[in-house]
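Here's the structure we're looking at; comments come further down.
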There are 2 protein chains.
Amino acid sequence: MRKPRTSSIQKTAPVFAALGDPTRLRLVAALCAGGALSIAQLTTGTAVTRQAVTKHLTVLADAGLVRDIRQGRERLWELEPSRLDEARRSLDAIAAQWDQALQRLKSFVEK
Amino acid sequence: MRKPRTSSIQKTAPVFAALGDPTRLRLVAALCAGGALSIAQLTTGTAVTRQAVTKHLTVLADAGLVRDIRQGRERLWELEPSRLDEARRSLDAIAAQWDQALQRLKSFVEK
DNA sequence: GATACATGCAACCATTGGGTTGCATATTAC
DNA sequence: GTAATATGCAACCCAATGGTTGCATGTATC
């Protein structure tokens, strides 16, 4: 396994940016739990408008985190498994990198 | 261990937002590798201004990811271990949640 | 004390972002 | 066909963001 270079880690910025909003994070959580959901379903119980939800969904889609499937007059949204898995791996990589830094900091304090 | 509720996961949004910028991600990576660095050090080799770097550092600081220590005429920046560890755990939690969703999606396909 | 270095502060600018409202269009359901 | 539902499109608004430049201030250094 190749040590992650800075440049590759930087490619995760868009994913982080997409997740860096409470509303979008809520949408992802809902899709995690609820499978494929329509815009209307994702809107009910929210403080924001349907249009706002739509916008957030397109942002998530641009980051490759979700995908839409047309079904009749509905537009269902679901998680994008491959990209989500990729993002998950990025998180793991960063977590590992942080772990190293934390180790280093800790050993420095104890020195 | 208590199952993560949506509300608790949403608290990680600011951290994601802070990391959702290539420049800031680069700064975090630099601090991961380089320990405590001055603003000037963090600026050299960058396309942006020293002021821009300063702004990004305050954003990271607001998210609790970095901390500054004054040393003479320099202002050194380093990772905030506790908060970083907390963020790391959040990432792990989300990753676990995603794993569940991925499992569910996969088993659905194979059904 | 004068000079160089590291940073702070403030104003300013253009773009993006999150959100809304209003109206048009497709797709069921009756 | 008509009514109801689900969504699309576009314009608009305001606040936040990422960035700059110019100048002031603190701190070493000689």
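Each chain of the structure tokens is named A, B, ... in the order shown, its residues numbered from 1; ligands are numbered from 1 in display order.
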> Leaving out Gln103 in chain A and any residue of its chain fewer than 3 positions from it, which residues lie within 12 Å of it when counting only C-alpha atoms (C1' of nucleotides), given as a ChimeraX atom specification?
Replying inline: /A:96-100,106-110 /B:32-33,35,79,81-82,84-85
For those residues, write C-alpha atoms to a file as a CSV table (one decimal), in the first residue's frame.
```csv
chain,number,residue,atom,x,y,z
A,96,ALA,CA,-4.5,7.1,10.1
A,97,GLN,CA,-2.5,10.2,9.3
A,98,TRP,CA,-4.0,12.0,12.3
A,99,ASP,CA,-3.3,9.0,14.4
A,100,GLN,CA,0.4,9.3,13.5
A,106,LYS,CA,1.8,12.5,22.7
A,107,SER,CA,5.3,11.1,22.8
A,108,PHE,CA,6.6,14.6,22.6
A,109,VAL,CA,4.7,15.6,25.7
A,110,GLU,CA,5.8,12.5,27.6
B,32,CYS,CA,0.5,16.7,10.6
B,33,ALA,CA,3.9,16.2,9.1
B,35,GLY,CA,4.6,19.7,13.9
B,79,LEU,CA,-2.8,20.5,15.6
B,81,PRO,CA,-4.8,16.8,19.7
B,82,SER,CA,-8.0,16.4,21.7
B,84,LEU,CA,-8.6,16.1,16.3
B,85,ASP,CA,-9.1,12.9,18.1
```
Fitted chain A, least squares over ordered Cα pairs with chain B, as a short mmCIF file (atom, residue, chain, number, x, y, z; two decimals) with N, CA, C and O atoms, in the first residue's frame:
```
data_model
loop_
_atom_site.label_atom_id
_atom_site.label_comp_id
_atom_site.auth_asym_id
_atom_site.auth_seq_id
_atom_site.Cartn_x
_atom_site.Cartn_y
_atom_site.Cartn_z
N MET A 1 -21.80 1.06 24.22
CA MET A 1 -21.66 2.23 23.32
C MET A 1 -23.02 2.57 22.73
O MET A 1 -23.71 1.75 22.18
N ARG A 2 -23.37 3.81 22.79
CA ARG A 2 -24.69 4.28 22.36
C ARG A 2 -24.68 4.49 20.84
O ARG A 2 -23.74 5.04 20.28
N LYS A 3 -25.75 4.06 20.22
CA LYS A 3 -25.86 4.25 18.76
C LYS A 3 -25.91 5.74 18.45
O LYS A 3 -26.66 6.49 19.09
N PRO A 4 -25.10 6.21 17.50
CA PRO A 4 -25.04 7.65 17.21
C PRO A 4 -26.37 8.17 16.67
O PRO A 4 -26.89 7.64 15.70
N ARG A 5 -26.90 9.21 17.28
CA ARG A 5 -28.13 9.82 16.79
C ARG A 5 -27.79 10.83 15.72
O ARG A 5 -26.68 11.33 15.64
N THR A 6 -28.78 11.14 14.91
CA THR A 6 -28.58 12.10 13.82
C THR A 6 -28.06 13.42 14.37
O THR A 6 -27.15 14.02 13.81
N SER A 7 -28.65 13.87 15.47
CA SER A 7 -28.29 15.18 16.01
C SER A 7 -26.82 15.23 16.37
O SER A 7 -26.16 16.25 16.16
N SER A 8 -26.28 14.14 16.89
CA SER A 8 -24.88 14.18 17.29
C SER A 8 -23.97 14.18 16.07
O SER A 8 -22.93 14.83 16.05
N ILE A 9 -24.39 13.46 15.06
CA ILE A 9 -23.59 13.43 13.83
C ILE A 9 -23.57 14.80 13.17
O ILE A 9 -22.57 15.22 12.59
N GLN A 10 -24.66 15.51 13.30
CA GLN A 10 -24.72 16.83 12.68
C GLN A 10 -23.73 17.81 13.28
O GLN A 10 -23.36 18.79 12.65
N LYS A 11 -23.30 17.53 14.50
CA LYS A 11 -22.34 18.44 15.12
C LYS A 11 -20.98 18.37 14.43
O LYS A 11 -20.13 19.24 14.63
N THR A 12 -20.79 17.34 13.62
CA THR A 12 -19.51 17.23 12.93
C THR A 12 -19.48 18.09 11.67
O THR A 12 -18.42 18.23 11.05
N ALA A 13 -20.61 18.68 11.31
CA ALA A 13 -20.67 19.49 10.09
C ALA A 13 -19.59 20.58 10.07
O ALA A 13 -18.91 20.73 9.06
N PRO A 14 -19.42 21.33 11.16
CA PRO A 14 -18.39 22.38 11.14
C PRO A 14 -17.00 21.84 10.84
O PRO A 14 -16.22 22.48 10.14
N VAL A 15 -16.69 20.67 11.39
CA VAL A 15 -15.38 20.07 11.13
C VAL A 15 -15.24 19.74 9.65
O VAL A 15 -14.23 20.07 9.02
N PHE A 16 -16.27 19.12 9.10
CA PHE A 16 -16.24 18.82 7.67
C PHE A 16 -16.08 20.09 6.87
O PHE A 16 -15.28 20.16 5.94
N ALA A 17 -16.84 21.11 7.24
CA ALA A 17 -16.77 22.37 6.52
C ALA A 17 -15.36 22.94 6.57
O ALA A 17 -14.84 23.44 5.57
N ALA A 18 -14.74 22.82 7.74
CA ALA A 18 -13.38 23.36 7.89
C ALA A 18 -12.41 22.59 6.99
O ALA A 18 -11.46 23.15 6.47
N LEU A 19 -12.66 21.32 6.81
CA LEU A 19 -11.76 20.50 5.99
C LEU A 19 -12.13 20.54 4.52
O LEU A 19 -11.39 20.01 3.68
N GLY A 20 -13.24 21.16 4.21
CA GLY A 20 -13.73 21.14 2.84
C GLY A 20 -13.12 22.19 1.94
O GLY A 20 -13.80 22.76 1.09
N ASP A 21 -11.87 22.45 2.13
CA ASP A 21 -11.16 23.42 1.29
C ASP A 21 -9.75 22.92 1.06
O ASP A 21 -9.05 22.57 2.03
N PRO A 22 -9.32 22.85 -0.20
CA PRO A 22 -8.00 22.29 -0.51
C PRO A 22 -6.85 22.95 0.24
O PRO A 22 -5.96 22.28 0.75
N THR A 23 -6.91 24.29 0.33
CA THR A 23 -5.85 25.00 1.03
C THR A 23 -5.78 24.58 2.50
O THR A 23 -4.70 24.30 3.03
N ARG A 24 -6.92 24.53 3.14
CA ARG A 24 -6.94 24.16 4.56
C ARG A 24 -6.51 22.72 4.75
O ARG A 24 -5.79 22.38 5.70
N LEU A 25 -6.93 21.88 3.82
CA LEU A 25 -6.55 20.47 3.92
C LEU A 25 -5.04 20.34 3.80
O LEU A 25 -4.40 19.53 4.48
N ARG A 26 -4.47 21.18 2.95
CA ARG A 26 -3.02 21.19 2.80
C ARG A 26 -2.34 21.65 4.09
O ARG A 26 -1.33 21.09 4.52
N LEU A 27 -2.92 22.67 4.71
CA LEU A 27 -2.36 23.17 5.97
C LEU A 27 -2.38 22.09 7.03
O LEU A 27 -1.39 21.88 7.74
N VAL A 28 -3.51 21.39 7.14
CA VAL A 28 -3.61 20.32 8.14
C VAL A 28 -2.57 19.25 7.85
O VAL A 28 -1.90 18.76 8.77
N ALA A 29 -2.42 18.91 6.58
CA ALA A 29 -1.43 17.89 6.21
C ALA A 29 -0.03 18.34 6.60
O ALA A 29 0.76 17.57 7.14
N ALA A 30 0.26 19.63 6.34
CA ALA A 30 1.57 20.17 6.66
C ALA A 30 1.82 20.09 8.16
O ALA A 30 2.91 19.71 8.61
N LEU A 31 0.80 20.44 8.94
CA LEU A 31 0.95 20.41 10.40
C LEU A 31 1.04 18.97 10.90
O LEU A 31 1.70 18.71 11.92
N CYS A 32 0.38 18.07 10.20
CA CYS A 32 0.49 16.65 10.56
C CYS A 32 1.94 16.20 10.44
O CYS A 32 2.47 15.52 11.31
N ALA A 33 2.57 16.63 9.36
CA ALA A 33 3.92 16.17 9.08
C ALA A 33 4.97 17.01 9.78
O ALA A 33 6.03 16.50 10.18
N GLY A 34 4.70 18.31 9.93
CA GLY A 34 5.76 19.22 10.36
C GLY A 34 5.71 19.71 11.79
O GLY A 34 6.51 20.54 12.18
N GLY A 35 4.73 19.24 12.58
CA GLY A 35 4.64 19.72 13.95
C GLY A 35 4.16 21.16 14.00
O GLY A 35 3.23 21.52 13.29
N ALA A 36 4.79 21.99 14.83
CA ALA A 36 4.39 23.39 14.97
C ALA A 36 5.11 24.24 13.93
O ALA A 36 6.34 24.21 13.85
N LEU A 37 4.33 24.99 13.15
CA LEU A 37 4.91 25.81 12.09
C LEU A 37 4.39 27.24 12.18
O LEU A 37 3.25 27.47 12.59
N SER A 38 5.24 28.17 11.76
CA SER A 38 4.83 29.58 11.77
C SER A 38 4.00 29.88 10.53
O SER A 38 3.98 29.11 9.57
N ILE A 39 3.32 31.03 10.56
CA ILE A 39 2.52 31.44 9.42
C ILE A 39 3.38 31.58 8.19
O ILE A 39 3.02 31.14 7.10
N ALA A 40 4.55 32.19 8.38
CA ALA A 40 5.46 32.39 7.25
C ALA A 40 5.85 31.04 6.65
O ALA A 40 5.84 30.86 5.43
N GLN A 41 6.18 30.10 7.52
CA GLN A 41 6.55 28.77 7.03
C GLN A 41 5.41 28.11 6.27
O GLN A 41 5.61 27.45 5.26
N LEU A 42 4.20 28.30 6.79
CA LEU A 42 3.05 27.69 6.15
C LEU A 42 2.68 28.39 4.84
O LEU A 42 1.97 27.83 4.01
N THR A 43 3.20 29.61 4.69
CA THR A 43 2.86 30.36 3.48
C THR A 43 3.80 30.05 2.32
O THR A 43 3.36 29.94 1.17
N THR A 44 5.10 29.94 2.63
CA THR A 44 6.08 29.72 1.56
C THR A 44 5.77 28.43 0.81
O THR A 44 5.46 27.41 1.39
N GLY A 45 5.84 28.54 -0.50
CA GLY A 45 5.53 27.41 -1.35
C GLY A 45 4.07 27.33 -1.71
O GLY A 45 3.63 26.42 -2.40
N THR A 46 3.31 28.30 -1.22
CA THR A 46 1.89 28.34 -1.52
C THR A 46 1.61 29.40 -2.57
O THR A 46 2.39 30.34 -2.74
N ALA A 47 0.50 29.24 -3.24
CA ALA A 47 0.13 30.23 -4.25
C ALA A 47 -0.58 31.42 -3.61
O ALA A 47 -0.69 32.48 -4.23
N VAL A 48 -1.04 31.24 -2.38
CA VAL A 48 -1.85 32.30 -1.77
C VAL A 48 -1.01 33.19 -0.85
O VAL A 48 0.13 32.89 -0.53
N THR A 49 -1.62 34.28 -0.44
CA THR A 49 -0.98 35.27 0.40
C THR A 49 -0.89 34.80 1.85
O THR A 49 -1.59 33.88 2.26
N ARG A 50 -0.02 35.45 2.59
CA ARG A 50 0.10 35.16 4.02
C ARG A 50 -1.22 35.44 4.73
O ARG A 50 -1.64 34.69 5.61
N GLN A 51 -1.88 36.51 4.32
CA GLN A 51 -3.16 36.86 4.94
C GLN A 51 -4.19 35.77 4.71
O GLN A 51 -4.98 35.45 5.62
N ALA A 52 -4.18 35.22 3.51
CA ALA A 52 -5.13 34.15 3.20
C ALA A 52 -4.86 32.96 4.11
O ALA A 52 -5.79 32.38 4.68
N VAL A 53 -3.58 32.63 4.27
CA VAL A 53 -3.22 31.52 5.14
C VAL A 53 -3.70 31.79 6.56
O VAL A 53 -4.27 30.91 7.21
N THR A 54 -3.48 33.02 7.02
CA THR A 54 -3.94 33.38 8.36
C THR A 54 -5.43 33.15 8.51
O THR A 54 -5.90 32.57 9.49
N LYS A 55 -6.18 33.61 7.51
CA LYS A 55 -7.63 33.43 7.57
C LYS A 55 -7.99 31.96 7.66
O LYS A 55 -8.83 31.56 8.48
N HIS A 56 -7.36 31.15 6.83
CA HIS A 56 -7.66 29.72 6.84
C HIS A 56 -7.33 29.12 8.21
O HIS A 56 -8.05 28.25 8.71
N LEU A 57 -6.24 29.58 8.80
CA LEU A 57 -5.86 29.05 10.10
C LEU A 57 -6.90 29.39 11.17
O LEU A 57 -7.21 28.57 12.02
N THR A 58 -7.45 30.60 11.08
CA THR A 58 -8.48 30.96 12.06
C THR A 58 -9.73 30.10 11.87
O THR A 58 -10.40 29.73 12.84
N VAL A 59 -10.02 29.78 10.60
CA VAL A 59 -11.17 28.90 10.35
C VAL A 59 -10.94 27.55 11.00
O VAL A 59 -11.81 27.00 11.69
N LEU A 60 -9.75 27.01 10.80
CA LEU A 60 -9.40 25.72 11.40
C LEU A 60 -9.43 25.81 12.92
O LEU A 60 -9.86 24.87 13.60
N ALA A 61 -8.99 26.95 13.43
CA ALA A 61 -8.98 27.14 14.89
C ALA A 61 -10.41 27.20 15.41
O ALA A 61 -10.71 26.64 16.47
N ASP A 62 -11.30 27.87 14.68
CA ASP A 62 -12.70 27.96 15.10
C ASP A 62 -13.33 26.57 15.15
O ASP A 62 -14.21 26.30 15.97
N ALA A 63 -12.89 25.72 14.24
CA ALA A 63 -13.41 24.34 14.24
C ALA A 63 -12.71 23.51 15.30
O ALA A 63 -13.04 22.34 15.50
N GLY A 64 -11.75 24.12 15.97
CA GLY A 64 -11.06 23.43 17.06
C GLY A 64 -10.01 22.45 16.59
O GLY A 64 -9.54 21.62 17.37
N LEU A 65 -9.62 22.54 15.34
CA LEU A 65 -8.68 21.56 14.80
C LEU A 65 -7.23 21.94 15.03
O LEU A 65 -6.35 21.08 15.09
N VAL A 66 -6.95 23.24 15.13
CA VAL A 66 -5.58 23.69 15.36
C VAL A 66 -5.56 24.70 16.50
O VAL A 66 -6.60 25.19 16.93
N ARG A 67 -4.38 24.99 16.95
CA ARG A 67 -4.20 25.88 18.08
C ARG A 67 -2.93 26.68 17.83
O ARG A 67 -2.02 26.21 17.14
N ASP A 68 -2.86 27.89 18.35
CA ASP A 68 -1.66 28.70 18.12
C ASP A 68 -0.94 28.96 19.42
O ASP A 68 -1.55 29.06 20.49
N ILE A 69 0.38 29.07 19.33
CA ILE A 69 1.19 29.42 20.48
C ILE A 69 2.14 30.54 20.07
O ILE A 69 2.82 30.44 19.05
N ARG A 70 2.10 31.59 20.85
CA ARG A 70 2.97 32.74 20.55
C ARG A 70 4.37 32.41 21.02
O ARG A 70 4.56 31.85 22.11
N GLN A 71 5.31 32.76 20.20
CA GLN A 71 6.69 32.51 20.57
C GLN A 71 7.53 33.63 19.97
O GLN A 71 7.82 33.61 18.76
N GLY A 72 7.88 34.59 20.80
CA GLY A 72 8.60 35.74 20.30
C GLY A 72 7.76 36.49 19.30
O GLY A 72 6.59 36.75 19.54
N ARG A 73 8.33 36.81 18.17
CA ARG A 73 7.56 37.53 17.16
C ARG A 73 6.84 36.56 16.25
O ARG A 73 6.16 36.96 15.33
N GLU A 74 7.01 35.29 16.51
CA GLU A 74 6.34 34.29 15.68
C GLU A 74 5.07 33.79 16.34
O GLU A 74 4.88 33.91 17.55
N ARG A 75 4.23 33.24 15.50
CA ARG A 75 3.01 32.62 16.00
C ARG A 75 2.97 31.22 15.41
O ARG A 75 2.72 31.05 14.21
N LEU A 76 3.24 30.26 16.24
CA LEU A 76 3.32 28.88 15.76
C LEU A 76 1.95 28.21 15.83
O LEU A 76 1.19 28.44 16.77
N TRP A 77 1.69 27.39 14.84
CA TRP A 77 0.42 26.67 14.79
C TRP A 77 0.67 25.18 14.84
O TRP A 77 1.61 24.67 14.22
N GLU A 78 -0.18 24.51 15.60
CA GLU A 78 -0.05 23.06 15.69
C GLU A 78 -1.43 22.43 15.76
O GLU A 78 -2.42 23.11 16.03
N LEU A 79 -1.49 21.15 15.53
CA LEU A 79 -2.76 20.44 15.61
C LEU A 79 -3.26 20.42 17.04
O LEU A 79 -2.47 20.40 17.98
N GLU A 80 -4.56 20.46 17.18
CA GLU A 80 -5.18 20.34 18.50
C GLU A 80 -5.50 18.87 18.73
O GLU A 80 -6.46 18.35 18.17
N PRO A 81 -4.69 18.20 19.55
CA PRO A 81 -4.82 16.74 19.68
C PRO A 81 -6.21 16.28 20.10
O PRO A 81 -6.81 15.44 19.44
N SER A 82 -6.75 16.86 21.17
CA SER A 82 -8.02 16.35 21.70
C SER A 82 -9.13 16.46 20.67
O SER A 82 -9.85 15.51 20.40
N ARG A 83 -9.23 17.66 20.08
CA ARG A 83 -10.32 17.88 19.13
C ARG A 83 -10.13 17.04 17.87
O ARG A 83 -11.07 16.55 17.27
N LEU A 84 -8.87 16.90 17.51
CA LEU A 84 -8.57 16.11 16.32
C LEU A 84 -8.98 14.66 16.55
O LEU A 84 -9.54 14.00 15.68
N ASP A 85 -8.71 14.21 17.76
CA ASP A 85 -9.07 12.83 18.09
C ASP A 85 -10.59 12.68 18.07
O ASP A 85 -11.13 11.70 17.55
N GLU A 86 -11.25 13.69 18.61
CA GLU A 86 -12.72 13.69 18.62
C GLU A 86 -13.25 13.62 17.19
O GLU A 86 -14.15 12.83 16.87
N ALA A 87 -12.67 14.46 16.32
CA ALA A 87 -13.07 14.46 14.92
C ALA A 87 -12.82 13.10 14.29
O ALA A 87 -13.64 12.58 13.54
N ARG A 88 -11.69 12.52 14.64
CA ARG A 88 -11.35 11.19 14.13
C ARG A 88 -12.42 10.18 14.50
O ARG A 88 -12.83 9.36 13.68
N ARG A 89 -12.87 10.25 15.74
CA ARG A 89 -13.93 9.33 16.19
C ARG A 89 -15.21 9.57 15.42
O ARG A 89 -15.93 8.62 15.07
N SER A 90 -15.52 10.83 15.16
CA SER A 90 -16.71 11.14 14.37
C SER A 90 -16.62 10.50 12.99
O SER A 90 -17.57 9.91 12.49
N LEU A 91 -15.44 10.64 12.41
CA LEU A 91 -15.24 10.04 11.09
C LEU A 91 -15.46 8.54 11.16
O LEU A 91 -16.13 7.95 10.31
N ASP A 92 -14.92 7.93 12.19
CA ASP A 92 -15.10 6.49 12.36
C ASP A 92 -16.59 6.14 12.48
O ASP A 92 -17.06 5.18 11.87
N ALA A 93 -17.31 6.96 13.26
CA ALA A 93 -18.74 6.69 13.45
C ALA A 93 -19.48 6.76 12.13
O ALA A 93 -20.28 5.89 11.80
N ILE A 94 -19.18 7.82 11.37
CA ILE A 94 -19.84 7.98 10.07
C ILE A 94 -19.46 6.85 9.13
O ILE A 94 -20.30 6.29 8.43
N ALA A 95 -18.19 6.50 9.17
CA ALA A 95 -17.73 5.41 8.32
C ALA A 95 -18.48 4.13 8.64
O ALA A 95 -18.91 3.40 7.74
N ALA A 96 -18.68 3.89 9.95
CA ALA A 96 -19.43 2.70 10.36
C ALA A 96 -20.86 2.75 9.85
O ALA A 96 -21.40 1.77 9.33
N GLN A 97 -21.45 3.93 9.97
CA GLN A 97 -22.83 4.12 9.51
C GLN A 97 -22.92 3.86 8.01
O GLN A 97 -23.84 3.20 7.53
N TRP A 98 -21.93 4.36 7.28
CA TRP A 98 -21.90 4.16 5.83
C TRP A 98 -21.72 2.69 5.50
O TRP A 98 -22.30 2.18 4.56
N ASP A 99 -20.88 2.06 6.31
CA ASP A 99 -20.66 0.63 6.09
C ASP A 99 -21.97 -0.14 6.17
O ASP A 99 -22.25 -0.99 5.34
N GLN A 100 -22.76 0.21 7.17
CA GLN A 100 -24.05 -0.44 7.31
C GLN A 100 -24.90 -0.23 6.07
O GLN A 100 -25.48 -1.17 5.52
N ALA A 101 -24.94 1.03 5.61
CA ALA A 101 -25.74 1.35 4.44
C ALA A 101 -25.23 0.58 3.23
O ALA A 101 -26.01 0.06 2.43
N LEU A 102 -23.91 0.50 3.10
CA LEU A 102 -23.32 -0.21 1.96
C LEU A 102 -23.66 -1.69 2.02
O LEU A 102 -24.00 -2.31 1.01
N GLN A 103 -23.58 -2.25 3.21
CA GLN A 103 -23.96 -3.65 3.40
C GLN A 103 -25.39 -3.87 2.93
O GLN A 103 -25.68 -4.79 2.16
N ARG A 104 -26.26 -2.99 3.38
CA ARG A 104 -27.67 -3.10 3.05
C ARG A 104 -27.88 -3.01 1.55
O ARG A 104 -28.57 -3.81 0.94
N LEU A 105 -27.19 -2.03 0.91
CA LEU A 105 -27.32 -1.87 -0.53
C LEU A 105 -26.83 -3.10 -1.26
O LEU A 105 -27.45 -3.57 -2.21
N LYS A 106 -25.69 -3.60 -0.80
CA LYS A 106 -25.10 -4.76 -1.47
C LYS A 106 -26.03 -5.97 -1.37
O LYS A 106 -26.31 -6.64 -2.35
N SER A 107 -26.54 -6.22 -0.17
CA SER A 107 -27.41 -7.39 0.02
C SER A 107 -28.69 -7.22 -0.79
O SER A 107 -29.27 -8.19 -1.26
N PHE A 108 -29.11 -5.97 -0.99
CA PHE A 108 -30.31 -5.73 -1.76
C PHE A 108 -30.07 -6.09 -3.23
O PHE A 108 -30.91 -6.71 -3.88
N VAL A 109 -28.91 -5.72 -3.73
CA VAL A 109 -28.57 -6.02 -5.12
C VAL A 109 -28.50 -7.53 -5.34
O VAL A 109 -28.96 -8.05 -6.35
N GLU A 110 -27.91 -8.23 -4.36
CA GLU A 110 -27.72 -9.67 -4.51
C GLU A 110 -28.99 -10.47 -4.31
O GLU A 110 -29.02 -11.66 -4.57
N LYS A 111 -30.04 -9.80 -3.82
CA LYS A 111 -31.26 -10.51 -3.47
C LYS A 111 -31.94 -11.03 -4.74
O LYS A 111 -31.88 -10.39 -5.78
#
```
> Counting only C-alpha atoms (C1' of nucleotides), what is within 9 Å of range 9-14 of chain C, bar same-chain residues fewer than 4 positions away, as an NGL selection string?
Replying inline: :D and (19-21 or 23-24)
Would you mind exporting the chosen residues as a PDB file, in the first residue's frame, restricted to N, CA and C atoms (P, O5', C5', C4', C3', O3' and C1' of nucleotides)?
```pdb
ATOM      1  P    DG D  19      -8.360  30.944  -1.233  1.00  0.00           P
ATOM      2  O5'  DG D  19      -7.898  32.445  -1.462  1.00  0.00           O
ATOM      3  C5'  DG D  19      -8.053  33.021  -2.732  1.00  0.00           C
ATOM      4  C4'  DG D  19      -8.038  34.519  -2.665  1.00  0.00           C
ATOM      5  C3'  DG D  19      -6.828  35.181  -2.025  1.00  0.00           C
ATOM      6  O3'  DG D  19      -5.720  35.201  -2.910  1.00  0.00           O
ATOM      7  C1'  DG D  19      -8.864  36.412  -1.701  1.00  0.00           C
ATOM      8  P    DT D  20      -4.349  35.858  -2.417  1.00  0.00           P
ATOM      9  O5'  DT D  20      -4.579  37.417  -2.642  1.00  0.00           O
ATOM     10  C5'  DT D  20      -5.037  37.894  -3.900  1.00  0.00           C
ATOM     11  C4'  DT D  20      -5.425  39.360  -3.798  1.00  0.00           C
ATOM     12  C3'  DT D  20      -4.302  40.255  -3.289  1.00  0.00           C
ATOM     13  O3'  DT D  20      -3.622  40.846  -4.401  1.00  0.00           O
ATOM     14  C1'  DT D  20      -6.386  40.769  -2.200  1.00  0.00           C
ATOM     15  P    DT D  21      -2.210  41.527  -4.171  1.00  0.00           P
ATOM     16  O5'  DT D  21      -2.602  42.901  -3.459  1.00  0.00           O
ATOM     17  C5'  DT D  21      -3.421  43.839  -4.141  1.00  0.00           C
ATOM     18  C4'  DT D  21      -3.629  45.074  -3.261  1.00  0.00           C
ATOM     19  C3'  DT D  21      -2.324  45.721  -2.803  1.00  0.00           C
ATOM     20  O3'  DT D  21      -2.355  47.121  -3.108  1.00  0.00           O
ATOM     21  C1'  DT D  21      -3.731  45.280  -0.933  1.00  0.00           C
ATOM     22  P    DC D  23      -0.063  52.520   1.600  1.00  0.00           P
ATOM     23  O5'  DC D  23      -0.068  52.356   3.190  1.00  0.00           O
ATOM     24  C5'  DC D  23      -1.269  52.652   3.904  1.00  0.00           C
ATOM     25  C4'  DC D  23      -1.204  52.061   5.295  1.00  0.00           C
ATOM     26  C3'  DC D  23       0.038  52.484   6.111  1.00  0.00           C
ATOM     27  O3'  DC D  23      -0.391  53.015   7.338  1.00  0.00           O
ATOM     28  C1'  DC D  23      -0.318  50.173   6.259  1.00  0.00           C
ATOM     29  P    DA D  24       0.636  53.706   8.333  1.00  0.00           P
ATOM     30  O5'  DA D  24       0.465  52.808   9.644  1.00  0.00           O
ATOM     31  C5'  DA D  24      -0.851  52.603  10.173  1.00  0.00           C
ATOM     32  C4'  DA D  24      -0.813  51.552  11.261  1.00  0.00           C
ATOM     33  C3'  DA D  24       0.243  51.791  12.339  1.00  0.00           C
ATOM     34  O3'  DA D  24      -0.300  51.480  13.612  1.00  0.00           O
ATOM     35  C1'  DA D  24       0.589  49.682  11.351  1.00  0.00           C
TER      36       DA D  24
END
```
> Between C:DG19, C:DA24, C:DA29, C:DT7, which has the minimum distance to chain A (counting only C-alpha atoms (C1' of nucleotides))?
Replying inline: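 Checking each of C:DG19, C:DA24, C:DA29, C:DT7 against chain A, counting only C-alpha atoms (C1' of nucleotides), the winner is C:DG19.
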> Excluding same-chain residues fewer than 2 positions from DT16 in chain C, what lies within 12 Å of it counting only C-alpha atoms (C1' of nucleotides), as a list of chain:residue names?
Replying inline: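 Within the cut-off, the hits are C:DA14, C:DG18, D:DA15, D:DA16, D:DT17, D:DG18.
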Please dump the current selection as a tab-separated table (two decimals), in the first residue's frame; keep C-alpha atoms (C1' of nucleotides).
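Saved to result.tsv:
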```tsv
chain	number	residue	atom	x	y	z
C	14	DA	C1'	-15.90	39.15	-6.56
C	18	DG	C1'	-28.05	28.72	1.30
D	15	DA	C1'	-24.59	36.68	4.13
D	16	DA	C1'	-20.49	34.26	4.14
D	17	DT	C1'	-16.02	33.05	1.75
D	18	DG	C1'	-11.73	33.26	-0.29
```
>> Set the cut-off to 10 Å and count only C-alpha atoms (C1' of nucleotides): what are the residues of chain C that reach chain B? Output as a VMD selection string.
In response: chain C and resid 5 to 8
Deliver the residues from the most recent selection as a file, using N, CA and C atoms (P, O5', C5', C4', C3', O3' and C1' of nucleotides), as a JSON list (two decimals), in the first residue's frame.
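Here's the written file part-v4.json:
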```
[["chain", "number", "residue", "atom", "x", "y", "z"],
["C", 5, "DC", "P", 15.08, 40.50, 6.09],
["C", 5, "DC", "O5'", 14.07, 39.80, 7.10],
["C", 5, "DC", "C5'", 14.56, 39.31, 8.34],
["C", 5, "DC", "C4'", 13.40, 39.07, 9.29],
["C", 5, "DC", "C3'", 12.22, 38.34, 8.66],
["C", 5, "DC", "O3'", 11.97, 37.20, 9.45],
["C", 5, "DC", "C1'", 11.50, 40.22, 9.89],
["C", 6, "DA", "P", 10.90, 36.14, 8.98],
["C", 6, "DA", "O5'", 9.68, 36.56, 9.92],
["C", 6, "DA", "C5'", 9.75, 36.30, 11.31],
["C", 6, "DA", "C4'", 8.38, 36.50, 11.92],
["C", 6, "DA", "C3'", 7.24, 35.88, 11.11],
["C", 6, "DA", "O3'", 6.41, 35.14, 11.98],
["C", 6, "DA", "C1'", 6.84, 38.18, 11.44],
["C", 7, "DT", "P", 5.08, 34.47, 11.44],
["C", 7, "DT", "O5'", 4.02, 35.62, 11.77],
["C", 7, "DT", "C5'", 3.90, 36.10, 13.10],
["C", 7, "DT", "C4'", 3.08, 37.35, 13.17],
["C", 7, "DT", "C3'", 1.62, 37.22, 12.77],
["C", 7, "DT", "O3'", 0.84, 37.25, 13.94],
["C", 7, "DT", "C1'", 2.57, 39.30, 12.12],
["C", 8, "DG", "P", -0.74, 37.27, 13.84],
["C", 8, "DG", "O5'", -1.07, 38.84, 13.83],
["C", 8, "DG", "C5'", -0.69, 39.64, 14.94],
["C", 8, "DG", "C4'", -1.42, 40.98, 14.90],
["C", 8, "DG", "C3'", -2.92, 40.86, 14.65],
["C", 8, "DG", "O3'", -3.59, 41.80, 15.48],
["C", 8, "DG", "C1'", -1.90, 42.17, 12.93]]
```
